[in-house]
>>> print(open('query36.pdb').read())   # PDB, C-alpha atoms, pLDDT in the B column
MODEL        1
ATOM      1  CA  MET A   1     -70.702 -99.157 -46.301  1.00 41.00           C
ATOM      2  CA  PRO A   2     -68.046 -96.435 -46.640  1.00 46.00           C
ATOM      3  CA  LEU A   3     -65.699 -96.986 -49.560  1.00 42.00           C
ATOM      4  CA  ARG A   4     -62.137 -95.737 -49.802  1.00 40.00           C
ATOM      5  CA  SER A   5     -61.364 -93.103 -52.410  1.00 40.00           C
ATOM      6  CA  GLY A   6     -57.598 -93.575 -52.110  1.00 42.00           C
ATOM      7  CA  LYS A   7     -54.919 -95.469 -50.265  1.00 45.00           C
ATOM      8  CA  VAL A   8     -54.875 -94.152 -46.711  1.00 42.00           C
ATOM      9  CA  PRO A   9     -53.140 -95.784 -43.734  1.00 44.00           C
ATOM     10  CA  ARG A  10     -55.585 -97.039 -41.123  1.00 50.00           C
ATOM     11  CA  ASP A  11     -54.068 -94.587 -38.639  1.00 55.00           C
ATOM     12  CA  ALA A  12     -53.365 -91.658 -40.933  1.00 59.00           C
ATOM     13  CA  VAL A  13     -52.600 -89.428 -37.924  1.00 61.00           C
ATOM     14  CA  HIS A  14     -50.752 -90.477 -34.788  1.00 60.00           C
ATOM     15  CA  HIS A  15     -50.531 -87.930 -31.969  1.00 62.00           C
ATOM     16  CA  PRO A  16     -51.142 -89.999 -28.808  1.00 68.00           C
ATOM     17  CA  LEU A  17     -49.962 -87.391 -26.287  1.00 70.00           C
ATOM     18  CA  PHE A  18     -51.893 -84.570 -27.925  1.00 75.00           C
ATOM     19  CA  ALA A  19     -54.966 -86.810 -28.211  1.00 75.00           C
ATOM     20  CA  ARG A  20     -55.020 -87.373 -24.457  1.00 78.00           C
ATOM     21  CA  TYR A  21     -54.509 -83.683 -23.761  1.00 73.00           C
ATOM     22  CA  TYR A  22     -57.181 -82.638 -26.273  1.00 78.00           C
ATOM     23  CA  ALA A  23     -59.684 -85.122 -24.858  1.00 78.00           C
ATOM     24  CA  ARG A  24     -59.374 -83.500 -21.435  1.00 82.00           C
ATOM     25  CA  ILE A  25     -59.421 -79.836 -22.419  1.00 81.00           C
ATOM     26  CA  SER A  26     -62.202 -80.222 -24.977  1.00 86.00           C
ATOM     27  CA  VAL A  27     -64.583 -81.635 -22.381  1.00 81.00           C
ATOM     28  CA  ALA A  28     -63.793 -78.750 -20.023  1.00 80.00           C
ATOM     29  CA  ALA A  29     -64.292 -76.259 -22.877  1.00 84.00           C
ATOM     30  CA  GLU A  30     -67.895 -77.376 -23.367  1.00 85.00           C
ATOM     31  CA  THR A  31     -69.014 -75.238 -20.449  1.00 79.00           C
ATOM     32  CA  ARG A  32     -66.037 -73.074 -19.474  1.00 81.00           C
ATOM     33  CA  MET A  33     -65.459 -71.709 -22.984  1.00 82.00           C
ATOM     34  CA  GLY A  34     -68.995 -71.977 -24.309  1.00 86.00           C
ATOM     35  CA  MET A  35     -68.203 -74.683 -26.870  1.00 91.00           C
ATOM     36  CA  GLY A  36     -71.436 -76.535 -26.137  1.00 92.00           C
ATOM     37  CA  ARG A  37     -73.457 -73.518 -27.304  1.00 93.00           C
ATOM     38  CA  VAL A  38     -71.276 -73.183 -30.394  1.00 95.00           C
ATOM     39  CA  ARG A  39     -71.886 -76.834 -31.306  1.00 95.00           C
ATOM     40  CA  GLU A  40     -75.635 -76.310 -30.982  1.00 96.00           C
ATOM     41  CA  ARG A  41     -75.518 -73.353 -33.379  1.00 97.00           C
ATOM     42  CA  LEU A  42     -73.194 -75.222 -35.740  1.00 98.00           C
ATOM     43  CA  LEU A  43     -75.505 -78.223 -36.145  1.00 98.00           C
ATOM     44  CA  ASP A  44     -78.940 -76.677 -35.724  1.00 97.00           C
ATOM     45  CA  GLY A  45     -81.306 -77.456 -38.605  1.00 97.00           C
ATOM     46  CA  LEU A  46     -79.221 -80.151 -40.286  1.00 98.00           C
ATOM     47  CA  SER A  47     -81.070 -83.049 -41.891  1.00 98.00           C
ATOM     48  CA  GLY A  48     -80.465 -86.142 -43.974  1.00 98.00           C
ATOM     49  CA  ARG A  49     -77.153 -87.962 -44.241  1.00 98.00           C
ATOM     50  CA  VAL A  50     -74.204 -86.040 -42.743  1.00 98.00           C
ATOM     51  CA  LEU A  51     -70.444 -86.515 -43.007  1.00 98.00           C
ATOM     52  CA  GLU A  52     -68.340 -85.169 -40.141  1.00 98.00           C
ATOM     53  CA  ILE A  53     -64.635 -84.791 -40.884  1.00 98.00           C
ATOM     54  CA  GLY A  54     -62.190 -84.898 -37.984  1.00 95.00           C
ATOM     55  CA  ALA A  55     -64.742 -85.897 -35.362  1.00 96.00           C
ATOM     56  CA  GLY A  56     -62.182 -85.929 -32.546  1.00 93.00           C
ATOM     57  CA  ASN A  57     -63.651 -87.436 -29.394  1.00 95.00           C
ATOM     58  CA  GLY A  58     -67.200 -87.106 -30.670  1.00 96.00           C
ATOM     59  CA  LEU A  59     -68.445 -84.104 -28.709  1.00 96.00           C
ATOM     60  CA  ASN A  60     -70.601 -82.961 -31.626  1.00 97.00           C
ATOM     61  CA  PHE A  61     -72.640 -86.173 -31.607  1.00 98.00           C
ATOM     62  CA  ALA A  62     -74.897 -85.167 -28.715  1.00 96.00           C
ATOM     63  CA  HIS A  63     -75.929 -81.990 -30.567  1.00 97.00           C
ATOM     64  CA  TYR A  64     -77.170 -83.448 -33.865  1.00 98.00           C
ATOM     65  CA  PRO A  65     -80.911 -82.842 -34.294  1.00 98.00           C
ATOM     66  CA  GLY A  66     -83.323 -85.716 -34.776  1.00 97.00           C
ATOM     67  CA  THR A  67     -83.830 -84.705 -38.422  1.00 98.00           C
ATOM     68  CA  VAL A  68     -80.404 -86.200 -39.209  1.00 98.00           C
ATOM     69  CA  SER A  69     -80.842 -89.753 -40.490  1.00 98.00           C
ATOM     70  CA  GLU A  70     -77.179 -90.832 -40.196  1.00 98.00           C
ATOM     71  CA  VAL A  71     -73.770 -89.397 -39.351  1.00 98.00           C
ATOM     72  CA  VAL A  72     -70.600 -90.901 -40.814  1.00 98.00           C
ATOM     73  CA  ALA A  73     -67.765 -89.533 -38.684  1.00 98.00           C
ATOM     74  CA  ILE A  74     -64.175 -89.666 -39.966  1.00 98.00           C
ATOM     75  CA  GLU A  75     -61.412 -89.574 -37.348  1.00 95.00           C
ATOM     76  CA  PRO A  76     -57.786 -90.469 -38.200  1.00 93.00           C
ATOM     77  CA  GLU A  77     -56.275 -90.525 -34.691  1.00 92.00           C
ATOM     78  CA  ARG A  78     -56.706 -93.863 -32.921  1.00 92.00           C
ATOM     79  CA  ARG A  79     -57.194 -92.652 -29.335  1.00 90.00           C
ATOM     80  CA  LEU A  80     -59.681 -89.956 -30.319  1.00 93.00           C
ATOM     81  CA  ARG A  81     -61.477 -92.426 -32.572  1.00 95.00           C
ATOM     82  CA  GLN A  82     -61.940 -94.824 -29.657  1.00 94.00           C
ATOM     83  CA  LEU A  83     -63.500 -92.025 -27.614  1.00 95.00           C
ATOM     84  CA  ALA A  84     -65.697 -91.061 -30.568  1.00 96.00           C
ATOM     85  CA  VAL A  85     -67.001 -94.635 -30.798  1.00 97.00           C
ATOM     86  CA  GLU A  86     -68.001 -94.439 -27.129  1.00 96.00           C
ATOM     87  CA  ALA A  87     -69.738 -91.103 -27.750  1.00 97.00           C
ATOM     88  CA  ALA A  88     -71.539 -92.564 -30.771  1.00 98.00           C
ATOM     89  CA  LEU A  89     -73.111 -95.237 -28.557  1.00 97.00           C
ATOM     90  CA  ARG A  90     -74.681 -92.474 -26.453  1.00 96.00           C
ATOM     91  CA  ALA A  91     -75.900 -90.373 -29.393  1.00 97.00           C
ATOM     92  CA  GLU A  92     -79.591 -90.030 -30.219  1.00 96.00           C
ATOM     93  CA  VAL A  93     -78.941 -90.295 -33.972  1.00 98.00           C
ATOM     94  CA  PRO A  94     -77.123 -93.157 -35.765  1.00 98.00           C
ATOM     95  CA  VAL A  95     -73.371 -92.455 -35.888  1.00 98.00           C
ATOM     96  CA  ASP A  96     -70.798 -94.619 -37.690  1.00 98.00           C
ATOM     97  CA  VAL A  97     -67.192 -93.762 -36.721  1.00 98.00           C
ATOM     98  CA  VAL A  98     -64.562 -94.818 -39.260  1.00 97.00           C
ATOM     99  CA  PRO A  99     -60.827 -94.229 -39.800  1.00 96.00           C
ATOM    100  CA  GLY A 100     -59.681 -92.088 -42.674  1.00 95.00           C
ATOM    101  CA  ALA A 101     -57.965 -88.875 -43.720  1.00 94.00           C
ATOM    102  CA  ALA A 102     -59.543 -85.670 -45.004  1.00 96.00           C
ATOM    103  CA  GLU A 103     -57.303 -85.790 -48.072  1.00 97.00           C
ATOM    104  CA  ALA A 104     -58.765 -89.151 -49.190  1.00 96.00           C
ATOM    105  CA  LEU A 105     -62.186 -89.631 -47.668  1.00 97.00           C
ATOM    106  CA  PRO A 106     -63.253 -93.304 -47.494  1.00 96.00           C
ATOM    107  CA  VAL A 107     -66.789 -92.690 -48.784  1.00 97.00           C
ATOM    108  CA  LYS A 108     -68.626 -92.610 -52.110  1.00 96.00           C
ATOM    109  CA  SER A 109     -68.979 -89.498 -54.221  1.00 97.00           C
ATOM    110  CA  GLU A 110     -72.117 -87.373 -53.808  1.00 97.00           C
ATOM    111  CA  GLY A 111     -73.326 -89.556 -50.948  1.00 97.00           C
ATOM    112  CA  PHE A 112     -74.113 -86.874 -48.359  1.00 98.00           C
ATOM    113  CA  ASP A 113     -76.630 -84.101 -47.892  1.00 98.00           C
ATOM    114  CA  ALA A 114     -74.368 -82.112 -45.575  1.00 98.00           C
ATOM    115  CA  ALA A 115     -70.885 -82.066 -44.100  1.00 98.00           C
ATOM    116  CA  VAL A 116     -69.444 -80.710 -40.867  1.00 98.00           C
ATOM    117  CA  VAL A 117     -65.898 -79.446 -40.345  1.00 98.00           C
ATOM    118  CA  SER A 118     -65.187 -78.300 -36.807  1.00 97.00           C
ATOM    119  CA  LEU A 119     -61.671 -77.256 -35.747  1.00 95.00           C
ATOM    120  CA  VAL A 120     -60.143 -79.536 -38.362  1.00 96.00           C
ATOM    121  CA  LEU A 121     -58.930 -77.410 -41.304  1.00 97.00           C
ATOM    122  CA  CYS A 122     -56.198 -76.034 -39.056  1.00 96.00           C
ATOM    123  CA  SER A 123     -54.537 -79.433 -38.852  1.00 95.00           C
ATOM    124  CA  VAL A 124     -55.058 -81.221 -42.173  1.00 96.00           C
ATOM    125  CA  ARG A 125     -51.884 -81.698 -44.180  1.00 94.00           C
ATOM    126  CA  ASP A 126     -53.335 -80.413 -47.470  1.00 97.00           C
ATOM    127  CA  VAL A 127     -56.237 -77.958 -47.216  1.00 98.00           C
ATOM    128  CA  PRO A 128     -57.074 -77.670 -50.963  1.00 98.00           C
ATOM    129  CA  ARG A 129     -57.044 -81.436 -51.417  1.00 98.00           C
ATOM    130  CA  SER A 130     -59.185 -81.932 -48.307  1.00 98.00           C
ATOM    131  CA  LEU A 131     -61.762 -79.424 -49.495  1.00 98.00           C
ATOM    132  CA  GLY A 132     -61.705 -80.999 -52.951  1.00 98.00           C
ATOM    133  CA  GLU A 133     -62.611 -84.285 -51.304  1.00 98.00           C
ATOM    134  CA  LEU A 134     -65.356 -82.535 -49.368  1.00 98.00           C
ATOM    135  CA  ARG A 135     -66.876 -81.274 -52.624  1.00 98.00           C
ATOM    136  CA  ARG A 136     -66.631 -84.737 -54.133  1.00 98.00           C
ATOM    137  CA  VAL A 137     -68.634 -86.466 -51.405  1.00 98.00           C
ATOM    138  CA  LEU A 138     -71.392 -83.833 -51.143  1.00 98.00           C
ATOM    139  CA  ARG A 139     -74.366 -83.970 -53.461  1.00 98.00           C
ATOM    140  CA  PRO A 140     -74.784 -80.856 -55.647  1.00 97.00           C
ATOM    141  CA  GLY A 141     -76.365 -78.228 -53.432  1.00 97.00           C
ATOM    142  CA  GLY A 142     -75.108 -80.023 -50.320  1.00 98.00           C
ATOM    143  CA  GLU A 143     -74.410 -77.910 -47.274  1.00 98.00           C
ATOM    144  CA  VAL A 144     -71.191 -77.419 -45.291  1.00 98.00           C
ATOM    145  CA  ARG A 145     -71.327 -76.276 -41.674  1.00 98.00           C
ATOM    146  CA  PHE A 146     -67.986 -75.011 -40.417  1.00 98.00           C
ATOM    147  CA  PHE A 147     -66.485 -73.768 -37.181  1.00 98.00           C
ATOM    148  CA  GLU A 148     -62.777 -73.092 -37.573  1.00 98.00           C
ATOM    149  CA  HIS A 149     -60.076 -70.939 -36.058  1.00 97.00           C
ATOM    150  CA  GLY A 150     -57.499 -69.041 -38.067  1.00 98.00           C
ATOM    151  CA  ARG A 151     -55.754 -65.765 -38.763  1.00 97.00           C
ATOM    152  CA  GLY A 152     -57.067 -62.790 -36.852  1.00 96.00           C
ATOM    153  CA  GLY A 153     -56.290 -59.759 -34.742  1.00 94.00           C
ATOM    154  CA  GLY A 154     -53.951 -56.925 -35.551  1.00 93.00           C
ATOM    155  CA  ARG A 155     -50.479 -56.884 -37.031  1.00 96.00           C
ATOM    156  CA  VAL A 156     -48.745 -58.081 -33.867  1.00 97.00           C
ATOM    157  CA  MET A 157     -51.131 -61.001 -33.405  1.00 97.00           C
ATOM    158  CA  THR A 158     -50.913 -62.193 -37.012  1.00 97.00           C
ATOM    159  CA  PHE A 159     -47.115 -61.951 -36.852  1.00 97.00           C
ATOM    160  CA  SER A 160     -47.188 -64.059 -33.680  1.00 98.00           C
ATOM    161  CA  GLN A 161     -49.481 -66.626 -35.301  1.00 98.00           C
ATOM    162  CA  ARG A 162     -47.179 -67.029 -38.303  1.00 98.00           C
ATOM    163  CA  ALA A 163     -44.108 -67.251 -36.062  1.00 98.00           C
ATOM    164  CA  LEU A 164     -45.711 -69.961 -33.929  1.00 98.00           C
ATOM    165  CA  ASP A 165     -46.736 -71.878 -37.062  1.00 98.00           C
ATOM    166  CA  ARG A 166     -43.115 -71.920 -38.227  1.00 97.00           C
ATOM    167  CA  THR A 167     -41.790 -73.139 -34.876  1.00 97.00           C
ATOM    168  CA  VAL A 168     -43.354 -74.969 -31.950  1.00 96.00           C
ATOM    169  CA  TRP A 169     -47.130 -74.768 -32.353  1.00 95.00           C
ATOM    170  CA  PRO A 170     -47.805 -77.586 -34.875  1.00 95.00           C
ATOM    171  CA  ALA A 171     -45.480 -80.011 -33.090  1.00 91.00           C
ATOM    172  CA  LEU A 172     -47.112 -79.390 -29.717  1.00 91.00           C
ATOM    173  CA  ASN A 173     -50.709 -79.322 -30.952  1.00 92.00           C
ATOM    174  CA  GLY A 174     -51.235 -82.265 -33.249  1.00 90.00           C
ATOM    175  CA  GLY A 175     -50.309 -80.483 -36.480  1.00 92.00           C
ATOM    176  CA  CYS A 176     -52.536 -77.461 -35.801  1.00 95.00           C
ATOM    177  CA  HIS A 177     -51.766 -74.155 -37.564  1.00 98.00           C
ATOM    178  CA  LEU A 178     -52.876 -70.753 -36.315  1.00 98.00           C
ATOM    179  CA  SER A 179     -52.686 -68.549 -39.398  1.00 98.00           C
ATOM    180  CA  ARG A 180     -54.764 -70.440 -41.967  1.00 98.00           C
ATOM    181  CA  GLU A 181     -57.789 -68.693 -43.491  1.00 98.00           C
ATOM    182  CA  PRO A 182     -60.730 -71.121 -43.607  1.00 98.00           C
ATOM    183  CA  VAL A 183     -63.241 -68.817 -45.318  1.00 98.00           C
ATOM    184  CA  ARG A 184     -60.816 -68.004 -48.120  1.00 98.00           C
ATOM    185  CA  ALA A 185     -59.929 -71.688 -48.451  1.00 98.00           C
ATOM    186  CA  LEU A 186     -63.587 -72.672 -48.839  1.00 98.00           C
ATOM    187  CA  ARG A 187     -64.132 -69.969 -51.444  1.00 98.00           C
ATOM    188  CA  ASP A 188     -60.983 -70.964 -53.347  1.00 98.00           C
ATOM    189  CA  ALA A 189     -62.192 -74.589 -53.357  1.00 98.00           C
ATOM    190  CA  GLY A 190     -65.329 -73.547 -55.212  1.00 97.00           C
ATOM    191  CA  PHE A 191     -67.878 -73.487 -52.409  1.00 98.00           C
ATOM    192  CA  GLU A 192     -70.572 -70.841 -52.263  1.00 98.00           C
ATOM    193  CA  LEU A 193     -70.274 -68.983 -48.972  1.00 98.00           C
ATOM    194  CA  GLY A 194     -73.423 -68.411 -46.980  1.00 96.00           C
ATOM    195  CA  PRO A 195     -73.740 -66.414 -43.773  1.00 96.00           C
ATOM    196  CA  TYR A 196     -70.837 -66.598 -41.361  1.00 97.00           C
ATOM    197  CA  ARG A 197     -69.770 -64.725 -38.271  1.00 96.00           C
ATOM    198  CA  GLN A 198     -66.563 -64.119 -36.362  1.00 95.00           C
ATOM    199  CA  VAL A 199     -66.441 -65.699 -32.912  1.00 94.00           C
ATOM    200  CA  LEU A 200     -63.858 -65.225 -30.179  1.00 93.00           C
ATOM    201  CA  MET A 201     -63.036 -68.255 -28.037  1.00 92.00           C
ATOM    202  CA  PRO A 202     -63.198 -68.119 -25.132  1.00 86.00           C
ATOM    203  CA  GLU A 203     -66.170 -65.785 -25.351  1.00 79.00           C
ATOM    204  CA  GLN A 204     -65.144 -64.147 -22.085  1.00 78.00           C
ATOM    205  CA  GLY A 205     -61.465 -64.124 -21.209  1.00 78.00           C
ATOM    206  CA  PRO A 206     -58.025 -63.483 -22.676  1.00 87.00           C
ATOM    207  CA  THR A 207     -57.567 -63.255 -26.450  1.00 93.00           C
ATOM    208  CA  LEU A 208     -55.105 -65.954 -27.507  1.00 94.00           C
ATOM    209  CA  PRO A 209     -53.505 -66.830 -30.876  1.00 96.00           C
ATOM    210  CA  ALA A 210     -56.130 -69.569 -31.340  1.00 95.00           C
ATOM    211  CA  SER A 211     -59.081 -67.375 -30.291  1.00 95.00           C
ATOM    212  CA  TYR A 212     -60.083 -66.074 -33.730  1.00 97.00           C
ATOM    213  CA  CYS A 213     -62.834 -68.370 -35.004  1.00 97.00           C
ATOM    214  CA  VAL A 214     -65.471 -68.291 -37.710  1.00 98.00           C
ATOM    215  CA  LEU A 215     -68.854 -70.050 -37.658  1.00 98.00           C
ATOM    216  CA  GLY A 216     -70.845 -70.372 -40.843  1.00 98.00           C
ATOM    217  CA  THR A 217     -72.359 -72.178 -43.796  1.00 98.00           C
ATOM    218  CA  ALA A 218     -71.288 -72.929 -47.355  1.00 98.00           C
ATOM    219  CA  TRP A 219     -72.689 -75.001 -50.222  1.00 98.00           C
ATOM    220  CA  ARG A 220     -71.456 -77.108 -53.082  1.00 98.00           C
ATOM    221  CA  PRO A 221     -72.885 -75.239 -56.077  1.00 96.00           C
ATOM    222  CA  VAL A 222     -75.636 -76.991 -58.017  1.00 92.00           C
ATOM    223  CA  GLY A 223     -74.275 -78.155 -61.366  1.00 80.00           C
ATOM    224  CA  SER A 224     -70.670 -78.334 -60.190  1.00 72.00           C
TER     225      SER A 224
ENDMDL
END
>>> encode(input="query36.pdb", output="structure tokens")
Amino acid sequence: MPLRSGKVPRDAVHHPLFARYYARISVAAETRMGMGRVRERLLDGLSGRVLEIGAGNGLNFAHYPGTVSEVVAIEPERRLRQLAVEAALRAEVPVDVVPGAAEALPVKSEGFDAAVVSLVLCSVRDVPRSLGELRRVLRPGGEVRFFEHGRGGGRVMTFSQRALDRTVWPALNGGCHLSREPVRALRDAGFELGPYRQVLMPEQGPTLPASYCVLGTAWRPVGS
């Protein structure tokens, strides 16, 4: 059973309008933007017990390989969590969807072989604390698979990203920020970076402030 590591409200995030909007566009993005292929690359080769943080409406669940023994999926937003529960029932691997926040994960320390963060570090309230929690719950040597968007492009684009972050973007997009740097954040949190690659989303189409993504792997160092 998952155990709480801190006092977290049952619905730590409440963005009902954004949740409905995200549920629609994310399904369309599976084919139109190539997100289905990205999810396959993100999760390929995982095994053992996996923690997914910010599972959203559960679109990753269908892509977990059979070598995964269990997925514990944390989702703080009630509407998205309901959709994730429905997706878990259709998954080919066991998936347990639970409420919780990235800053205080409701699971035991060193209980997971791997963790997945997919388009979630942009919206957590406290990135260092969230990644500290991620290190806590991974066994030494445990693997992190990440697919995140963040700062990218030239001077004009990065200026636009920062300006949007200071004004309308987080309020309209469930707390999302455009100019965070996920690779640097993982390194600063003490993870060992493995291979990663820059990805533009959509793969074919206009380059938008949220288009600059990174797909890769990191590890909790052994002995840390």
>>> residues_around(input="query36.pdb", residues="Leu51 (chain A)", least_positions_apart="5", cutoff="7 Å", atoms="all atoms listed in the file", output="PDB file with C-alpha atoms, keeping the file's coordinate frame")
ATOM      1  CA  VAL A  71     -73.770 -89.397 -39.351  1.00 98.00           C
ATOM      2  CA  VAL A  72     -70.600 -90.901 -40.814  1.00 98.00           C
ATOM      3  CA  ALA A  73     -67.765 -89.533 -38.684  1.00 98.00           C
ATOM      4  CA  PHE A 112     -74.113 -86.874 -48.359  1.00 98.00           C
ATOM      5  CA  ALA A 114     -74.368 -82.112 -45.575  1.00 98.00           C
ATOM      6  CA  ALA A 115     -70.885 -82.066 -44.100  1.00 98.00           C
ATOM      7  CA  VAL A 116     -69.444 -80.710 -40.867  1.00 98.00           C
TER       8      VAL A 116
END
>>> closest_residue(input="query36.pdb", among="A:Arg41, A:Arg155, A:Arg79, A:Arg24", to="Tyr196 (chain A)", atoms="all atoms listed in the file")
A:Arg41
>>> closest_residue(input="query36.pdb", among="A:Gly36, A:Gly54, A:Gly216, A:Gly194", to="Ser118 (chain A)", atoms="all atoms listed in the file")
A:Gly54
>>> residues_near_point(input="query36.pdb", point="(-51.4, -84.9, -30.7)", cutoff="12 Å", atoms="only C-alpha atoms", output="PyMOL selection string")
chain A and resi 13-23+56+76-80+123+169-176
>>> atom_distance(input="query36.pdb", atom1="CA of Ala55 (chain A)", atom2="CA of Glu143 (chain A)")
17.3 Å
>>> closest_residue(input="query36.pdb", among="A:Met157, A:Val222, A:Val168, A:Ile53", to="Leu208 (chain A)", atoms="all atoms listed in the file")
A:Met157
>>> residues_around(input="query36.pdb", residues="Phe191 (chain A)", least_positions_apart="5", cutoff="8 Å", atoms="all atoms listed in the file", output="VMD selection string")
chain A and resid 135 186 218 to 221
>>> decode(input="query36.pdb", residues="region 44-61 of chain A", atoms="N, CA and C atoms", output="CSV table (one decimal), in the first residue's frame")
chain,number,residue,atom,x,y,z
A,44,ASP,N,10.0,2.2,-23.4
A,44,ASP,CA,10.6,1.0,-23.9
A,44,ASP,C,11.7,0.5,-23.0
A,45,GLY,N,11.6,-0.8,-22.7
A,45,GLY,CA,12.7,-1.5,-21.9
A,45,GLY,C,12.6,-1.4,-20.4
A,46,LEU,N,11.6,-0.7,-19.9
A,46,LEU,CA,11.4,-0.6,-18.4
A,46,LEU,C,11.0,-1.9,-17.9
A,47,SER,N,11.4,-2.2,-16.6
A,47,SER,CA,11.0,-3.4,-15.9
A,47,SER,C,10.9,-3.1,-14.4
A,48,GLY,N,10.3,-4.1,-13.7
A,48,GLY,CA,10.1,-4.0,-12.3
A,48,GLY,C,9.0,-3.1,-11.9
A,49,ARG,N,9.2,-2.5,-10.7
A,49,ARG,CA,8.1,-1.7,-10.1
A,49,ARG,C,8.4,-0.2,-10.5
A,50,VAL,N,7.4,0.5,-11.1
A,50,VAL,CA,7.6,1.8,-11.7
A,50,VAL,C,6.6,2.8,-11.0
A,51,LEU,N,7.1,4.0,-10.7
A,51,LEU,CA,6.3,5.1,-10.2
A,51,LEU,C,6.2,6.1,-11.4
A,52,GLU,N,5.0,6.5,-11.7
A,52,GLU,CA,4.7,7.5,-12.7
A,52,GLU,C,4.2,8.7,-11.9
A,53,ILE,N,4.8,9.9,-12.1
A,53,ILE,CA,4.4,11.1,-11.4
A,53,ILE,C,3.7,12.0,-12.4
A,54,GLY,N,2.5,12.5,-12.0
A,54,GLY,CA,1.7,13.3,-12.9
A,54,GLY,C,1.2,12.5,-14.0
A,55,ALA,N,0.4,11.5,-13.8
A,55,ALA,CA,0.0,10.5,-14.8
A,55,ALA,C,-1.1,11.1,-15.8
A,56,GLY,N,-1.7,12.3,-15.4
A,56,GLY,CA,-2.7,12.9,-16.2
A,56,GLY,C,-3.8,11.9,-16.5
A,57,ASN,N,-4.3,11.8,-17.7
A,57,ASN,CA,-5.4,10.9,-18.0
A,57,ASN,C,-5.0,9.5,-18.4
A,58,GLY,N,-3.7,9.2,-18.1
A,58,GLY,CA,-3.3,7.8,-18.2
A,58,GLY,C,-2.9,7.3,-19.6
A,59,LEU,N,-2.5,8.2,-20.4
A,59,LEU,CA,-2.2,7.8,-21.8
A,59,LEU,C,-0.9,7.0,-21.9
A,60,ASN,N,0.0,7.1,-20.9
A,60,ASN,CA,1.2,6.2,-20.9
A,60,ASN,C,0.9,4.8,-20.7
A,61,PHE,N,-0.2,4.5,-20.0
A,61,PHE,CA,-0.5,3.1,-19.4
A,61,PHE,C,-0.4,2.1,-20.5
